[in-house]
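Each remark here refers to the structure printed beneath this line.
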Amino acid sequence: MPPTTTSDATPSEKDGPGEIPLRARIFADLTPLRASPDYRRLWCGNTVSWMGQQMTALAVSLQVYAITRSTFSVGLVGLCSLVPLVVFGLYGGAVADTVDRRKLGLCSAAGATTMSVVLAAAALVGYHRVWLLYSVVALQAVCFALNSPARSSMIPRLLPKEQLPAANALQSLTTNLGLMGGPMLGGVIVGLWGYQAAYLVDVLAFGGSLYAMWRLPAMRPDHGDGPRRRASVLDGLRFLATRPNLRMTFFSDMAAMVLAQPRALFPAIAVLWFAGDAKTVGLLVAAPAVGAVLGGLFSGWLGGVRRHGLAILIAVVSWGAAIAAFGLSRNLWLGLFFLAVAGCSDTVSMVFRSTMLQAATPDRMRGRLQGVFIVVVAGGPRLGDFLAGSVSALTSPATAVIGGGLACILVVAGLGLGRRAFARYDARDPQP
């Protein structure tokens, strides 16, 4: 089905070869925002609501700690979010391939808004119960697991395929700016006006997402000439099992996130390598996000890349190399630089993986594959945390970090050699 809103031509088509402005070749390509009002509203609404969600995530953690004075209880907040994401991620994708995605997006966003209202109301009346906070976090994760596949599956219906890399780069900006700015803003608001203020701001922020979804046209999955029937999760997994290029996008990401994920070691590394404290840990955590934001800001060149599979392989190898180099560094600023390089590489990989997933997947399957994407994104780093922590305990943090980076490089190189057609994938003829 053709996009519902497009421009007459991309910038390269309008300006002709060699006439693309330097700004457009360097900075983030804003063409999708200019070309499609529907996409512009969806992106703006998602950006505002994502910032609010990150504020709420921090406020809930602070409130749980204030009630329990237990870091273990705070850690359970993440578990309450992770389990529903993994369990309902695949199911949400199947639902998105069955019903009108606009209605699913509206209902799930309304559900998440209601949960923020519950948090705000409880805080206003002084009802501070950990079980309520855990329950709301779990239900919010269910809403996200239903909303995300629906929203992601809409993008190829709103934009032509040549604008998908730019749209995914803009999405990376939204994600990483929210992860950086949301907690900081949430901390300031909680400190000044209390938990209820952060939750109320989140309620207002969801208004942008609801408005954007409301203005969209109907988005029923395109089943072609075949009969409309309930989408099956197993059918989606069978489809993925027989599509080697799409399968490779997941394998390459898992290699990076599981084998070369040093995040769980940052507290120990801050002390053992850099003689630092909690502020040093904060810098280590922030560095990949800073690199990811810079990768999104300077993403204009990504639209000219046609060999998306090769770009993914190079980006993931760059991630592994940067993590291994970080493991060798004992200077804090040099280590932060390598972590920023890793974050930038992850943005490049994410842009092209998402673009391939959107462009090479038939519309009737997009929701289910986006559901798989959620499970991988949610579960992969957690497995990486477990693996890094286990290897570090058996050997040392340096062995875990350097070995993980090198293992990532070797596995991705093996994947590329085993599936050489992936490196030849051409965005002009997307083949799953």
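Chain labels run A, B, ... following the order of the structure tokens; each chain numbers its residues from 1, and ligands are numbered from 1 in the order shown.
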### Message
Would you pick out the contacts of Leu146 (chain A) at 12 Å or less, using only C-alpha atoms, so that residues sharing its chain but fewer than 2 positions from it are not included, and give the list as a PyMOL selection string?
### Response
chain A and resi 84-97+99+101-112+139-144+148-153+367-368+370-371+374
### Query
Do you know which residues are at most 12 Å from Gly335 (chain A) counting only C-alpha atoms, after dropping those on the same chain fewer than 5 positions away, and could you put them as a list in words?
Phe266, Ile269, Ala270, Trp273, Phe274, Thr280, Val281, Leu283, Leu284, Val285, Ala287, Pro288, Ala322, Ile323, Ala324, Ala325, Phe326, Gly327, Leu328, Ser329, Arg330, Ala340, Val341, Ala342 and Val401 of chain A
Atoms to include: N, CA, C and O atoms. Write the selected residues as a CSV table (one decimal), in the first residue's frame.
```
chain,number,residue,atom,x,y,z
A,266,PHE,N,29.9,-1.2,35.2
A,266,PHE,CA,30.3,0.2,35.4
A,266,PHE,C,30.6,0.5,36.9
A,266,PHE,O,31.6,1.3,37.2
A,269,ILE,N,34.0,-1.0,37.6
A,269,ILE,CA,35.1,-0.3,36.7
A,269,ILE,C,35.4,1.1,37.2
A,269,ILE,O,36.5,1.5,37.2
A,270,ALA,N,34.4,1.8,37.6
A,270,ALA,CA,34.6,3.2,38.1
A,270,ALA,C,35.6,3.2,39.3
A,270,ALA,O,36.4,4.1,39.4
A,273,TRP,N,39.3,0.9,38.0
A,273,TRP,CA,40.1,1.4,36.9
A,273,TRP,C,40.3,2.9,37.0
A,273,TRP,O,41.4,3.4,36.7
A,274,PHE,N,39.3,3.6,37.5
A,274,PHE,CA,39.4,5.1,37.5
A,274,PHE,C,39.4,5.7,38.9
A,274,PHE,O,39.4,7.0,39.0
A,280,THR,N,31.4,9.1,38.7
A,280,THR,CA,32.1,8.4,37.6
A,280,THR,C,31.2,7.4,37.0
A,280,THR,O,31.2,7.3,35.8
A,281,VAL,N,30.5,6.7,37.8
A,281,VAL,CA,29.5,5.7,37.2
A,281,VAL,C,28.5,6.5,36.3
A,281,VAL,O,28.2,6.0,35.2
A,283,LEU,N,29.0,9.2,34.6
A,283,LEU,CA,29.6,9.5,33.4
A,283,LEU,C,29.7,8.3,32.4
A,283,LEU,O,29.5,8.4,31.2
A,284,LEU,N,30.0,7.2,33.0
A,284,LEU,CA,30.1,5.9,32.2
A,284,LEU,C,28.8,5.6,31.6
A,284,LEU,O,28.7,5.2,30.4
A,285,VAL,N,27.7,5.7,32.4
A,285,VAL,CA,26.4,5.4,31.9
A,285,VAL,C,26.0,6.4,30.8
A,285,VAL,O,25.3,6.0,29.8
A,287,ALA,N,27.9,8.2,28.7
A,287,ALA,CA,28.7,8.3,27.6
A,287,ALA,C,28.1,7.7,26.3
A,287,ALA,O,28.1,8.3,25.2
A,288,PRO,N,27.7,6.4,26.4
A,288,PRO,CA,27.1,5.8,25.2
A,288,PRO,C,25.8,6.6,24.7
A,288,PRO,O,25.6,6.7,23.5
A,322,ALA,N,35.0,-0.8,19.8
A,322,ALA,CA,35.0,0.3,20.8
A,322,ALA,C,34.9,-0.2,22.2
A,322,ALA,O,35.6,0.3,23.1
A,323,ILE,N,34.1,-1.2,22.4
A,323,ILE,CA,34.0,-1.8,23.8
A,323,ILE,C,35.3,-2.5,24.2
A,323,ILE,O,35.8,-2.3,25.3
A,324,ALA,N,36.0,-3.2,23.2
A,324,ALA,CA,37.3,-3.8,23.6
A,324,ALA,C,38.3,-2.7,23.9
A,324,ALA,O,39.1,-2.8,24.8
A,325,ALA,N,38.3,-1.6,23.1
A,325,ALA,CA,39.2,-0.5,23.4
A,325,ALA,C,38.9,0.1,24.7
A,325,ALA,O,39.9,0.5,25.5
A,326,PHE,N,37.7,0.2,25.1
A,326,PHE,CA,37.3,0.7,26.4
A,326,PHE,C,37.9,-0.2,27.5
A,326,PHE,O,38.4,0.3,28.5
A,327,GLY,N,37.9,-1.5,27.3
A,327,GLY,CA,38.4,-2.4,28.3
A,327,GLY,C,39.9,-2.3,28.4
A,327,GLY,O,40.4,-2.6,29.5
A,328,LEU,N,40.6,-1.7,27.4
A,328,LEU,CA,42.0,-1.5,27.5
A,328,LEU,C,42.4,-0.2,28.1
A,328,LEU,O,43.6,0.0,28.5
A,329,SER,N,41.5,0.7,28.2
A,329,SER,CA,41.8,2.1,28.6
A,329,SER,C,41.8,2.2,30.1
A,329,SER,O,41.0,1.5,30.8
A,330,ARG,N,42.7,3.0,30.6
A,330,ARG,CA,42.7,3.3,32.1
A,330,ARG,C,42.7,4.8,32.3
A,330,ARG,O,42.9,5.2,33.5
A,340,ALA,N,31.4,6.5,23.9
A,340,ALA,CA,30.6,7.4,23.0
A,340,ALA,C,30.7,6.9,21.6
A,340,ALA,O,29.7,6.9,20.9
A,341,VAL,N,31.8,6.4,21.2
A,341,VAL,CA,32.0,5.8,19.8
A,341,VAL,C,31.1,4.6,19.7
A,341,VAL,O,30.4,4.4,18.7
A,342,ALA,N,31.0,3.8,20.8
A,342,ALA,CA,30.1,2.6,20.8
A,342,ALA,C,28.7,3.0,20.6
A,342,ALA,O,27.9,2.4,19.9
A,401,VAL,N,35.1,-7.4,29.6
A,401,VAL,CA,34.9,-6.3,28.6
A,401,VAL,C,35.7,-6.5,27.4
A,401,VAL,O,35.1,-6.5,26.3
```
### Query
Could you pull the residues within 6 Å of region 205-213 of chain A, counting only C-alpha atoms, minus those fewer than 4 positions along the same chain, as a PyMOL selection string?
chain A and resi 41-42+45-46+48-49+52+106
### Message
Please list as a ChimeraX atom specification every residue within 9 Å of Val137 (chain A), counting only C-alpha atoms and excluding residues in the same chain fewer than 5 positions away.
### Response
/A:57,60,77-78,80-81,115,132,142
